[in-house]
$ cat structure.tsv   # TSV, N, CA and C atoms
chain	number	residue	atom	x	y	z
T	23	MET	N	64.15	-115.48	-15.47
T	23	MET	CA	63.55	-114.68	-14.44
T	23	MET	C	62.32	-113.98	-15.01
T	24	ARG	N	61.22	-114.07	-14.33
T	24	ARG	CA	59.96	-113.48	-14.79
T	24	ARG	C	59.57	-112.34	-13.85
T	25	ILE	N	59.26	-111.17	-14.43
T	25	ILE	CA	58.87	-110.01	-13.63
T	25	ILE	C	57.36	-109.91	-13.67
T	26	ARG	N	56.76	-109.77	-12.52
T	26	ARG	CA	55.31	-109.65	-12.43
T	26	ARG	C	54.95	-108.18	-12.20
T	27	VAL	N	54.11	-107.67	-13.05
T	27	VAL	CA	53.67	-106.28	-12.95
T	27	VAL	C	52.16	-106.27	-12.85
T	28	SER	N	51.67	-105.54	-11.87
T	28	SER	CA	50.22	-105.50	-11.68
T	28	SER	C	49.57	-104.64	-12.77
T	29	ARG	N	48.30	-104.82	-12.95
T	29	ARG	CA	47.54	-104.07	-13.94
T	29	ARG	C	47.57	-102.57	-13.60
T	30	ASN	N	47.45	-102.22	-12.34
T	30	ASN	CA	47.48	-100.81	-11.92
T	30	ASN	C	48.82	-100.16	-12.25
T	31	THR	N	49.89	-100.88	-12.09
T	31	THR	CA	51.21	-100.36	-12.40
T	31	THR	C	51.33	-100.09	-13.89
T	32	LEU	N	50.81	-101.00	-14.71
T	32	LEU	CA	50.84	-100.79	-16.17
T	32	LEU	C	50.00	-99.58	-16.58
T	33	LEU	N	48.83	-99.43	-15.97
T	33	LEU	CA	47.97	-98.29	-16.29
T	33	LEU	C	48.62	-96.97	-15.87
T	34	LEU	N	49.26	-96.97	-14.72
T	34	LEU	CA	49.97	-95.77	-14.26
T	34	LEU	C	51.11	-95.43	-15.21
T	35	ALA	N	51.86	-96.40	-15.63
T	35	ALA	CA	52.97	-96.17	-16.56
T	35	ALA	C	52.45	-95.63	-17.89
T	36	LEU	N	51.36	-96.19	-18.38
T	36	LEU	CA	50.76	-95.72	-19.63
T	36	LEU	C	50.30	-94.27	-19.49
T	37	ALA	N	49.68	-93.93	-18.37
T	37	ALA	CA	49.21	-92.57	-18.14
T	37	ALA	C	50.38	-91.59	-18.10
T	38	LEU	N	51.47	-91.98	-17.44
T	38	LEU	CA	52.65	-91.11	-17.36
T	38	LEU	C	53.29	-90.90	-18.72
T	39	VAL	N	53.38	-91.96	-19.51
T	39	VAL	CA	53.96	-91.84	-20.86
T	39	VAL	C	53.08	-90.94	-21.72
T	40	THR	N	51.77	-91.08	-21.63
T	40	THR	CA	50.84	-90.25	-22.40
T	40	THR	C	50.98	-88.79	-21.99
T	41	ALA	N	51.02	-88.53	-20.68
T	41	ALA	CA	51.16	-87.15	-20.20
T	41	ALA	C	52.47	-86.54	-20.67
T	42	ALA	N	53.55	-87.32	-20.63
T	42	ALA	CA	54.85	-86.82	-21.09
T	42	ALA	C	54.80	-86.51	-22.58
T	43	ALA	N	54.14	-87.34	-23.35
T	43	ALA	CA	54.03	-87.11	-24.79
T	43	ALA	C	53.28	-85.81	-25.07
T	44	VAL	N	52.22	-85.55	-24.31
T	44	VAL	CA	51.45	-84.32	-24.49
T	44	VAL	C	52.31	-83.10	-24.16
T	45	VAL	N	53.03	-83.17	-23.06
T	45	VAL	CA	53.90	-82.06	-22.65
T	45	VAL	C	54.96	-81.79	-23.70
T	46	PHE	N	55.61	-82.82	-24.19
T	46	PHE	CA	56.65	-82.63	-25.20
T	46	PHE	C	56.07	-82.13	-26.51
T	47	ALA	N	54.88	-82.58	-26.87
T	47	ALA	CA	54.25	-82.11	-28.10
T	47	ALA	C	53.93	-80.62	-28.00
T	48	GLN	N	53.42	-80.19	-26.84
T	48	GLN	CA	53.10	-78.77	-26.66
T	48	GLN	C	54.37	-77.94	-26.63
T	49	ALA	N	55.42	-78.45	-26.04
T	49	ALA	CA	56.68	-77.71	-25.97
T	49	ALA	C	57.27	-77.51	-27.36
T	50	GLY	N	57.00	-78.44	-28.25
T	50	GLY	CA	57.55	-78.35	-29.60
T	50	GLY	C	56.74	-77.48	-30.54
T	51	GLU	N	55.53	-77.09	-30.13
T	51	GLU	CA	54.70	-76.25	-30.98
T	51	GLU	C	55.32	-74.88	-31.13
T	52	LYS	N	55.23	-74.34	-32.32
T	52	LYS	CA	55.75	-73.00	-32.54
T	52	LYS	C	54.78	-72.00	-31.93
T	53	ARG	N	55.28	-71.18	-31.03
T	53	ARG	CA	54.47	-70.16	-30.39
T	53	ARG	C	54.59	-68.88	-31.20
T	54	THR	N	53.46	-68.27	-31.46
T	54	THR	CA	53.49	-67.01	-32.19
T	54	THR	C	52.80	-65.96	-31.34
T	55	THR	N	53.25	-64.74	-31.49
T	55	THR	CA	52.59	-63.64	-30.81
T	55	THR	C	51.64	-62.99	-31.79
T	56	PRO	N	50.50	-62.54	-31.30
T	56	PRO	CA	49.54	-61.91	-32.21
T	56	PRO	C	50.15	-60.67	-32.86
T	57	ALA	N	49.84	-60.50	-34.11
T	57	ALA	CA	50.33	-59.33	-34.83
T	57	ALA	C	49.58	-58.09	-34.36
T	58	LYS	N	50.28	-56.94	-34.44
T	58	LYS	CA	49.61	-55.69	-34.12
T	58	LYS	C	48.75	-55.31	-35.30
T	59	PRO	N	47.68	-54.61	-35.05
T	59	PRO	CA	46.85	-54.16	-36.17
T	59	PRO	C	47.66	-53.27	-37.11
T	60	ALA	N	47.23	-53.21	-38.36
T	60	ALA	CA	47.96	-52.47	-39.38
T	60	ALA	C	48.16	-51.00	-39.02
T	61	ASN	N	47.19	-50.42	-38.29
T	61	ASN	CA	47.32	-49.00	-37.95
T	61	ASN	C	48.26	-48.76	-36.78
T	62	GLY	N	48.86	-49.82	-36.21
T	62	GLY	CA	49.82	-49.68	-35.13
T	62	GLY	C	49.20	-49.56	-33.75
T	63	ALA	N	47.88	-49.55	-33.66
T	63	ALA	CA	47.23	-49.44	-32.35
T	63	ALA	C	47.47	-50.71	-31.55
T	64	ALA	N	47.54	-50.56	-30.26
T	64	ALA	CA	47.72	-51.73	-29.40
T	64	ALA	C	46.47	-52.57	-29.43
T	65	MET	N	46.65	-53.88	-29.33
T	65	MET	CA	45.50	-54.77	-29.33
T	65	MET	C	44.78	-54.64	-28.00
T	66	ALA	N	43.47	-54.74	-28.03
T	66	ALA	CA	42.67	-54.62	-26.82
T	66	ALA	C	42.91	-55.81	-25.91
T	67	GLY	N	42.88	-55.54	-24.62
T	67	GLY	CA	43.06	-56.59	-23.63
T	67	GLY	C	41.72	-57.15	-23.20
T	68	SER	N	41.76	-58.12	-22.31
T	68	SER	CA	40.58	-58.77	-21.77
T	68	SER	C	40.30	-58.23	-20.38
T	69	ALA	N	39.13	-57.62	-20.19
T	69	ALA	CA	38.78	-57.07	-18.88
T	69	ALA	C	38.67	-58.18	-17.84
T	70	ALA	N	38.17	-59.35	-18.24
T	70	ALA	CA	38.03	-60.47	-17.29
T	70	ALA	C	39.40	-60.92	-16.79
T	71	LYS	N	40.36	-61.04	-17.70
T	71	LYS	CA	41.72	-61.41	-17.29
T	71	LYS	C	42.35	-60.29	-16.48
T	72	GLY	N	42.06	-59.06	-16.89
T	72	GLY	CA	42.61	-57.91	-16.18
T	72	GLY	C	42.13	-57.83	-14.74
T	73	LYS	N	40.89	-58.22	-14.50
T	73	LYS	CA	40.36	-58.23	-13.12
T	73	LYS	C	41.15	-59.21	-12.26
T	74	LYS	N	41.47	-60.36	-12.82
T	74	LYS	CA	42.25	-61.35	-12.07
T	74	LYS	C	43.63	-60.82	-11.73
T	75	VAL	N	44.29	-60.19	-12.71
T	75	VAL	CA	45.61	-59.62	-12.47
T	75	VAL	C	45.51	-58.50	-11.44
T	76	PHE	N	44.50	-57.65	-11.61
T	76	PHE	CA	44.30	-56.54	-10.67
T	76	PHE	C	44.10	-57.07	-9.25
T	77	ASP	N	43.26	-58.08	-9.10
T	77	ASP	CA	43.00	-58.63	-7.77
T	77	ASP	C	44.27	-59.16	-7.11
T	78	LEU	N	45.18	-59.72	-7.91
T	78	LEU	CA	46.42	-60.26	-7.37
T	78	LEU	C	47.50	-59.20	-7.12
T	79	GLN	N	47.57	-58.20	-7.99
T	79	GLN	CA	48.69	-57.26	-7.94
T	79	GLN	C	48.34	-55.85	-7.45
T	80	CYS	N	47.11	-55.43	-7.66
T	80	CYS	CA	46.78	-54.01	-7.45
T	80	CYS	C	45.80	-53.75	-6.31
T	81	ALA	N	44.95	-54.73	-6.03
T	81	ALA	CA	43.87	-54.52	-5.06
T	81	ALA	C	44.38	-54.25	-3.65
T	82	VAL	N	45.61	-54.63	-3.36
T	82	VAL	CA	46.16	-54.37	-2.04
T	82	VAL	C	46.27	-52.86	-1.80
T	83	CYS	N	46.41	-52.08	-2.86
T	83	CYS	CA	46.57	-50.63	-2.72
T	83	CYS	C	45.39	-49.81	-3.22
T	84	HIS	N	44.55	-50.38	-4.09
T	84	HIS	CA	43.49	-49.61	-4.72
T	84	HIS	C	42.12	-50.24	-4.53
T	85	TYR	N	41.13	-49.40	-4.20
T	85	TYR	CA	39.73	-49.82	-4.22
T	85	TYR	C	39.23	-49.74	-5.65
T	86	THR	N	38.30	-50.62	-6.00
T	86	THR	CA	37.66	-50.52	-7.31
T	86	THR	C	36.21	-50.10	-7.19
T	87	ALA	N	35.62	-50.30	-6.02
T	87	ALA	CA	34.21	-49.98	-5.83
T	87	ALA	C	34.03	-48.61	-5.17
T	88	ALA	N	35.11	-47.87	-4.99
T	88	ALA	CA	35.03	-46.54	-4.37
T	88	ALA	C	36.17	-45.68	-4.93
T	89	ASP	N	35.97	-44.38	-4.83
T	89	ASP	CA	37.05	-43.49	-5.25
T	89	ASP	C	37.87	-43.02	-4.05
T	90	ALA	N	37.59	-43.58	-2.88
T	90	ALA	CA	38.33	-43.25	-1.67
T	90	ALA	C	39.74	-43.81	-1.73
T	91	LYS	N	40.65	-43.13	-1.06
T	91	LYS	CA	42.05	-43.58	-1.03
T	91	LYS	C	42.18	-44.79	-0.12
T	92	LYS	N	42.93	-45.77	-0.55
T	92	LYS	CA	43.31	-46.93	0.26
T	92	LYS	C	44.77	-46.67	0.62
T	93	ILE	N	45.69	-47.22	-0.12
T	93	ILE	CA	47.10	-46.80	-0.06
T	93	ILE	C	47.31	-45.86	-1.24
T	94	GLY	N	46.80	-46.31	-2.39
T	94	GLY	CA	46.76	-45.47	-3.58
T	94	GLY	C	45.32	-45.01	-3.78
T	95	PRO	N	45.05	-44.22	-4.76
T	95	PRO	CA	43.69	-43.71	-4.98
T	95	PRO	C	42.71	-44.80	-5.36
T	96	GLY	N	41.45	-44.60	-4.96
T	96	GLY	CA	40.38	-45.48	-5.40
T	96	GLY	C	40.17	-45.27	-6.90
T	97	LEU	N	39.80	-46.32	-7.60
T	97	LEU	CA	39.76	-46.24	-9.06
T	97	LEU	C	38.36	-46.28	-9.66
T	98	LYS	N	37.34	-46.27	-8.80
T	98	LYS	CA	35.98	-46.27	-9.33
T	98	LYS	C	35.77	-45.00	-10.16
T	99	GLY	N	35.26	-45.17	-11.37
T	99	GLY	CA	34.99	-44.04	-12.25
T	99	GLY	C	36.23	-43.36	-12.80
T	100	LEU	N	37.34	-44.05	-12.80
T	100	LEU	CA	38.61	-43.47	-13.23
T	100	LEU	C	38.51	-42.84	-14.62
T	101	ARG	N	37.98	-43.57	-15.59
T	101	ARG	CA	37.90	-43.05	-16.96
T	101	ARG	C	36.96	-41.85	-17.06
T	102	LYS	N	35.90	-41.86	-16.24
T	102	LYS	CA	34.93	-40.75	-16.29
T	102	LYS	C	35.54	-39.46	-15.77
T	103	ARG	N	36.54	-39.58	-14.90
T	103	ARG	CA	37.19	-38.38	-14.37
T	103	ARG	C	37.88	-37.61	-15.49
T	104	GLY	N	38.41	-38.34	-16.45
T	104	GLY	CA	39.00	-37.70	-17.62
T	104	GLY	C	40.45	-37.27	-17.45
T	105	LYS	N	40.85	-36.91	-16.23
T	105	LYS	CA	42.22	-36.44	-16.02
T	105	LYS	C	42.76	-36.95	-14.70
T	106	TYR	N	44.07	-37.13	-14.68
T	106	TYR	CA	44.75	-37.45	-13.43
T	106	TYR	C	44.80	-36.19	-12.58
T	107	ALA	N	45.23	-36.34	-11.33
T	107	ALA	CA	45.35	-35.20	-10.43
T	107	ALA	C	46.32	-34.15	-10.99
T	108	ASP	N	47.30	-34.61	-11.78
T	108	ASP	CA	48.26	-33.65	-12.34
T	108	ASP	C	47.79	-33.03	-13.66
T	109	GLY	N	46.56	-33.34	-14.07
T	109	GLY	CA	45.97	-32.73	-15.25
T	109	GLY	C	46.15	-33.49	-16.55
T	110	ARG	N	46.99	-34.52	-16.56
T	110	ARG	CA	47.17	-35.31	-17.79
T	110	ARG	C	45.88	-36.07	-18.10
T	111	PRO	N	45.57	-36.25	-19.37
T	111	PRO	CA	44.36	-37.00	-19.74
T	111	PRO	C	44.50	-38.49	-19.41
T	112	ILE	N	43.39	-39.08	-19.03
T	112	ILE	CA	43.36	-40.53	-18.77
T	112	ILE	C	42.91	-41.21	-20.05
T	113	ASP	N	43.80	-42.00	-20.64
T	113	ASP	CA	43.47	-42.79	-21.82
T	113	ASP	C	44.26	-44.10	-21.74
T	114	ASP	N	44.09	-44.97	-22.72
T	114	ASP	CA	44.77	-46.27	-22.69
T	114	ASP	C	46.28	-46.12	-22.58
T	115	ALA	N	46.84	-45.20	-23.36
T	115	ALA	CA	48.29	-45.03	-23.36
T	115	ALA	C	48.81	-44.52	-22.02
T	116	SER	N	48.08	-43.57	-21.43
T	116	SER	CA	48.56	-43.03	-20.15
T	116	SER	C	48.39	-44.05	-19.02
T	117	LEU	N	47.33	-44.86	-19.08
T	117	LEU	CA	47.15	-45.92	-18.07
T	117	LEU	C	48.27	-46.94	-18.19
T	118	LYS	N	48.56	-47.36	-19.41
T	118	LYS	CA	49.65	-48.31	-19.65
T	118	LYS	C	50.96	-47.75	-19.13
T	119	ASP	N	51.23	-46.49	-19.45
T	119	ASP	CA	52.46	-45.83	-19.03
T	119	ASP	C	52.54	-45.77	-17.50
T	120	TRP	N	51.44	-45.42	-16.86
T	120	TRP	CA	51.41	-45.31	-15.40
T	120	TRP	C	51.70	-46.66	-14.75
T	121	ILE	N	51.09	-47.72	-15.27
T	121	ILE	CA	51.29	-49.07	-14.72
T	121	ILE	C	52.75	-49.49	-14.92
T	122	GLU	N	53.29	-49.25	-16.12
T	122	GLU	CA	54.66	-49.66	-16.40
T	122	GLU	C	55.70	-48.89	-15.59
T	123	LYS	N	55.54	-47.59	-15.51
T	123	LYS	CA	56.56	-46.75	-14.87
T	123	LYS	C	56.30	-46.46	-13.40
T	124	GLY	N	55.05	-46.62	-12.98
T	124	GLY	CA	54.71	-46.24	-11.61
T	124	GLY	C	54.55	-44.74	-11.53
T	125	GLY	N	54.46	-44.26	-10.32
T	125	GLY	CA	54.28	-42.83	-10.12
T	125	GLY	C	54.64	-42.47	-8.70
T	126	LYS	N	54.10	-41.38	-8.26
T	126	LYS	CA	54.39	-40.81	-6.95
T	126	LYS	C	54.72	-41.86	-5.88
T	127	ASN	N	53.76	-42.63	-5.44
T	127	ASN	CA	54.00	-43.67	-4.44
T	127	ASN	C	53.77	-45.07	-4.99
T	128	MET	N	53.58	-45.17	-6.29
T	128	MET	CA	53.28	-46.46	-6.91
T	128	MET	C	54.53	-47.02	-7.57
T	129	PRO	N	54.83	-48.29	-7.31
T	129	PRO	CA	56.00	-48.90	-7.95
T	129	PRO	C	55.74	-49.20	-9.42
T	130	SER	N	56.81	-49.38	-10.16
T	130	SER	CA	56.73	-49.80	-11.55
T	130	SER	C	56.33	-51.27	-11.62
T	131	PHE	N	55.48	-51.59	-12.59
T	131	PHE	CA	55.08	-52.99	-12.78
T	131	PHE	C	55.58	-53.54	-14.11
T	132	LYS	N	56.45	-52.81	-14.78
T	132	LYS	CA	56.94	-53.25	-16.09
T	132	LYS	C	57.68	-54.58	-16.00
T	133	GLU	N	58.42	-54.78	-14.93
T	133	GLU	CA	59.18	-56.02	-14.76
T	133	GLU	C	58.37	-57.09	-14.03
T	134	VAL	N	57.18	-56.74	-13.55
T	134	VAL	CA	56.34	-57.67	-12.80
T	134	VAL	C	55.27	-58.29	-13.70
T	135	LEU	N	54.68	-57.47	-14.55
T	135	LEU	CA	53.59	-57.91	-15.41
T	135	LEU	C	54.05	-58.03	-16.86
T	136	LYS	N	53.49	-59.00	-17.55
T	136	LYS	CA	53.74	-59.16	-18.98
T	136	LYS	C	52.96	-58.08	-19.73
T	137	PRO	N	53.40	-57.72	-20.94
T	137	PRO	CA	52.68	-56.70	-21.71
T	137	PRO	C	51.19	-57.00	-21.89
T	138	GLU	N	50.86	-58.27	-22.12
T	138	GLU	CA	49.44	-58.60	-22.30
T	138	GLU	C	48.67	-58.46	-20.99
T	139	GLU	N	49.32	-58.69	-19.85
T	139	GLU	CA	48.67	-58.50	-18.55
T	139	GLU	C	48.40	-57.01	-18.32
T	140	ILE	N	49.32	-56.18	-18.73
T	140	ILE	CA	49.10	-54.73	-18.59
T	140	ILE	C	47.94	-54.30	-19.47
T	141	ARG	N	47.88	-54.81	-20.70
T	141	ARG	CA	46.73	-54.50	-21.58
T	141	ARG	C	45.43	-54.96	-20.94
T	142	ASP	N	45.46	-56.13	-20.31
T	142	ASP	CA	44.26	-56.66	-19.66
T	142	ASP	C	43.84	-55.78	-18.48
T	143	VAL	N	44.80	-55.32	-17.69
T	143	VAL	CA	44.48	-54.45	-16.56
T	143	VAL	C	43.89	-53.14	-17.06
T	144	VAL	N	44.45	-52.59	-18.13
T	144	VAL	CA	43.91	-51.36	-18.71
T	144	VAL	C	42.46	-51.58	-19.16
T	145	ALA	N	42.22	-52.72	-19.80
T	145	ALA	CA	40.84	-53.04	-20.24
T	145	ALA	C	39.91	-53.13	-19.04
T	146	TYR	N	40.39	-53.72	-17.94
T	146	TYR	CA	39.58	-53.82	-16.73
T	146	TYR	C	39.32	-52.44	-16.11
T	147	LEU	N	40.35	-51.62	-16.04
T	147	LEU	CA	40.18	-50.29	-15.45
T	147	LEU	C	39.12	-49.47	-16.19
T	148	LYS	N	38.99	-49.70	-17.48
T	148	LYS	CA	38.00	-48.99	-18.28
T	148	LYS	C	36.57	-49.39	-17.91
T	149	THR	N	36.41	-50.50	-17.20
T	149	THR	CA	35.07	-50.96	-16.80
T	149	THR	C	34.64	-50.40	-15.46
T	150	LEU	N	35.55	-49.79	-14.73
T	150	LEU	CA	35.24	-49.32	-13.38
T	150	LEU	C	34.42	-48.04	-13.38

$ encode --input "structure.tsv" --output "structure tokens"
Amino acid sequence: MRIRVSRNTLLLALALVTAAAVVFAQAGEKRTTPAKPANGAAMAGSAAKGKKVFDLQCAVCHYTAADAKKIGPGLKGLRKRGKYADGRPIDDASLKDWIEKGGKNMPSFKEVLKPEEIRDVVAYLKTL
């Protein structure tokens, strides 16, 4: 019995086998997390990545181009304000804490965002 296979079928099979090999090779790579700097400071995030996360998770409640209230406060010039309404200083640690724990009417995002996404959002907020 002779099986006839078209050229297109062979090319498709080859492409699928190649794609599977790439996926398995990547899955087998050892993933490492970046080390923290020696002084213990948190590594800086990416403002560009933070903007994407902000647009997906935060923009529904916060303006970035105005300080007017939407659902939550507008965030334009947040760092320049220097302090939250309750008087606490605005810095990287307090922004991270606020995002993770939430606040008055803001939900916690600790279980929603990865730590690097929170760092990225903090980096983005510093650009407003």

$ closest_residue --input "structure.tsv" --among "T:Trp120, T:Tyr85, T:Tyr106, T:Tyr146" --to "Lys71 (chain T)" --atoms "only C-alpha atoms"
T:Tyr146

$ atom_distance --input "structure.tsv" --atom1 "atom C of Arg101 (chain T)" --atom2 "CA of Glu133 (chain T)"
26.5 Å

$ atom_distance --input "structure.tsv" --atom1 "atom N of Arg141 (chain T)" --atom2 "atom C of Lys118 (chain T)"
7.9 Å

$ closest_residue --input "structure.tsv" --among "T:Arg110, T:Leu147, T:Pro129, T:Lys74" --to "Leu97 (chain T)" --atoms "only N, CA and C atoms"
T:Leu147

$ atom_distance --input "structure.tsv" --atom1 "atom N of Lys105 (chain T)" --atom2 "atom N of Gly125 (chain T)"
16.6 Å

$ select_by_dssp --input "structure.tsv" --residues "region 91-150 of chain T" --states "alpha helix (DSSP H)" --output "list in words"
Leu100, Arg101, Lys102, Arg103, Asp114, Ala115, Ser116, Leu117, Lys118, Asp119, Trp120, Ile121, Glu122, Lys123, Pro137, Glu138, Glu139, Ile140, Arg141, Asp142, Val143, Val144, Ala145, Tyr146 and Leu147 of chain T

$ residues_around --input "structure.tsv" --residues "Thr86 (chain T)" --least-positions-apart "4" --cutoff "7 Å" --atoms "all atoms listed in the file" --output "CSV table (one decimal) with N, CA and C atoms, keeping the file's coordinate frame"
chain,number,residue,atom,x,y,z
T,81,ALA,N,45.0,-54.7,-6.0
T,81,ALA,CA,43.9,-54.5,-5.1
T,81,ALA,C,44.4,-54.2,-3.6
T,96,GLY,N,41.4,-44.6,-5.0
T,96,GLY,CA,40.4,-45.5,-5.4
T,96,GLY,C,40.2,-45.3,-6.9
T,97,LEU,N,39.8,-46.3,-7.6
T,97,LEU,CA,39.8,-46.2,-9.1
T,97,LEU,C,38.4,-46.3,-9.7
T,98,LYS,N,37.3,-46.3,-8.8
T,98,LYS,CA,36.0,-46.3,-9.3
T,98,LYS,C,35.8,-45.0,-10.2
T,99,GLY,N,35.3,-45.2,-11.4
T,99,GLY,CA,35.0,-44.0,-12.2
T,99,GLY,C,36.2,-43.4,-12.8
T,150,LEU,N,35.6,-49.8,-14.7
T,150,LEU,CA,35.2,-49.3,-13.4
T,150,LEU,C,34.4,-48.0,-13.4

$ closest_residue --input "structure.tsv" --among "T:Ile93, T:Ala88, T:Val134, T:Leu100" --to "Lys148 (chain T)" --atoms "all atoms listed in the file"
T:Leu100

$ closest_residue --input "structure.tsv" --among "T:Gly67, T:Gly94, T:His84, T:Ser28" --to "Glu138 (chain T)" --atoms "all atoms listed in the file"
T:Gly67

$ decode --input "structure.tsv" --residues "region 104-125 of chain T" --atoms "N, CA and C atoms" --output "mmCIF file, in the first residue's frame"
data_model
loop_
_atom_site.group_PDB
_atom_site.id
_atom_site.type_symbol
_atom_site.label_atom_id
_atom_site.label_comp_id
_atom_site.auth_asym_id
_atom_site.auth_seq_id
_atom_site.Cartn_x
_atom_site.Cartn_y
_atom_site.Cartn_z
ATOM 1 N N GLY T 104 4.144 66.125 45.556
ATOM 2 C CA GLY T 104 4.987 65.823 46.703
ATOM 3 C C GLY T 104 4.320 65.047 47.820
ATOM 4 N N LYS T 105 3.010 65.224 48.001
ATOM 5 C CA LYS T 105 2.320 64.538 49.091
ATOM 6 C C LYS T 105 0.940 64.095 48.641
ATOM 7 N N TYR T 106 0.496 63.000 49.250
ATOM 8 C CA TYR T 106 -0.880 62.552 49.046
ATOM 9 C C TYR T 106 -1.802 63.488 49.828
ATOM 10 N N ALA T 107 -3.102 63.341 49.620
ATOM 11 C CA ALA T 107 -4.083 64.152 50.336
ATOM 12 C C ALA T 107 -3.963 63.963 51.850
ATOM 13 N N ASP T 108 -3.510 62.770 52.265
ATOM 14 C CA ASP T 108 -3.376 62.520 53.707
ATOM 15 C C ASP T 108 -2.035 62.987 54.272
ATOM 16 N N GLY T 109 -1.215 63.622 53.443
ATOM 17 C CA GLY T 109 0.044 64.196 53.905
ATOM 18 C C GLY T 109 1.268 63.310 53.766
ATOM 19 N N ARG T 110 1.077 62.032 53.436
ATOM 20 C CA ARG T 110 2.239 61.149 53.260
ATOM 21 C C ARG T 110 3.020 61.570 52.014
ATOM 22 N N PRO T 111 4.334 61.420 52.038
ATOM 23 C CA PRO T 111 5.137 61.789 50.871
ATOM 24 C C PRO T 111 4.908 60.825 49.704
ATOM 25 N N ILE T 112 4.963 61.365 48.506
ATOM 26 C CA ILE T 112 4.845 60.542 47.299
ATOM 27 C C ILE T 112 6.257 60.181 46.849
ATOM 28 N N ASP T 113 6.577 58.894 46.907
ATOM 29 C CA ASP T 113 7.855 58.394 46.416
ATOM 30 C C ASP T 113 7.620 57.003 45.835
ATOM 31 N N ASP T 114 8.668 56.382 45.322
ATOM 32 C CA ASP T 114 8.525 55.066 44.692
ATOM 33 C C ASP T 114 7.898 54.045 45.641
ATOM 34 N N ALA T 115 8.371 54.030 46.877
ATOM 35 C CA ALA T 115 7.880 53.041 47.837
ATOM 36 C C ALA T 115 6.406 53.260 48.164
ATOM 37 N N SER T 116 6.018 54.525 48.335
ATOM 38 C CA SER T 116 4.612 54.777 48.680
ATOM 39 C C SER T 116 3.691 54.511 47.494
ATOM 40 N N LEU T 117 4.161 54.790 46.272
ATOM 41 C CA LEU T 117 3.356 54.476 45.082
ATOM 42 C C LEU T 117 3.177 52.969 44.949
ATOM 43 N N LYS T 118 4.264 52.230 45.124
ATOM 44 C CA LYS T 118 4.199 50.766 45.062
ATOM 45 C C LYS T 118 3.230 50.244 46.112
ATOM 46 N N ASP T 119 3.342 50.756 47.327
ATOM 47 C CA ASP T 119 2.483 50.339 48.421
ATOM 48 C C ASP T 119 1.014 50.639 48.113
ATOM 49 N N TRP T 120 0.751 51.825 47.585
ATOM 50 C CA TRP T 120 -0.622 52.226 47.263
ATOM 51 C C TRP T 120 -1.216 51.301 46.201
ATOM 52 N N ILE T 121 -0.436 50.987 45.166
ATOM 53 C CA ILE T 121 -0.916 50.111 44.091
ATOM 54 C C ILE T 121 -1.176 48.713 44.642
ATOM 55 N N GLU T 122 -0.254 48.204 45.458
ATOM 56 C CA GLU T 122 -0.410 46.854 45.996
ATOM 57 C C GLU T 122 -1.585 46.730 46.968
ATOM 58 N N LYS T 123 -1.710 47.677 47.871
ATOM 59 C CA LYS T 123 -2.716 47.569 48.935
ATOM 60 C C LYS T 123 -4.033 48.261 48.612
ATOM 61 N N GLY T 124 -4.001 49.193 47.663
ATOM 62 C CA GLY T 124 -5.198 49.971 47.398
ATOM 63 C C GLY T 124 -5.349 51.049 48.449
ATOM 64 N N GLY T 125 -6.493 51.665 48.447
ATOM 65 C CA GLY T 125 -6.734 52.742 49.401
ATOM 66 C C GLY T 125 -8.214 53.000 49.509
#
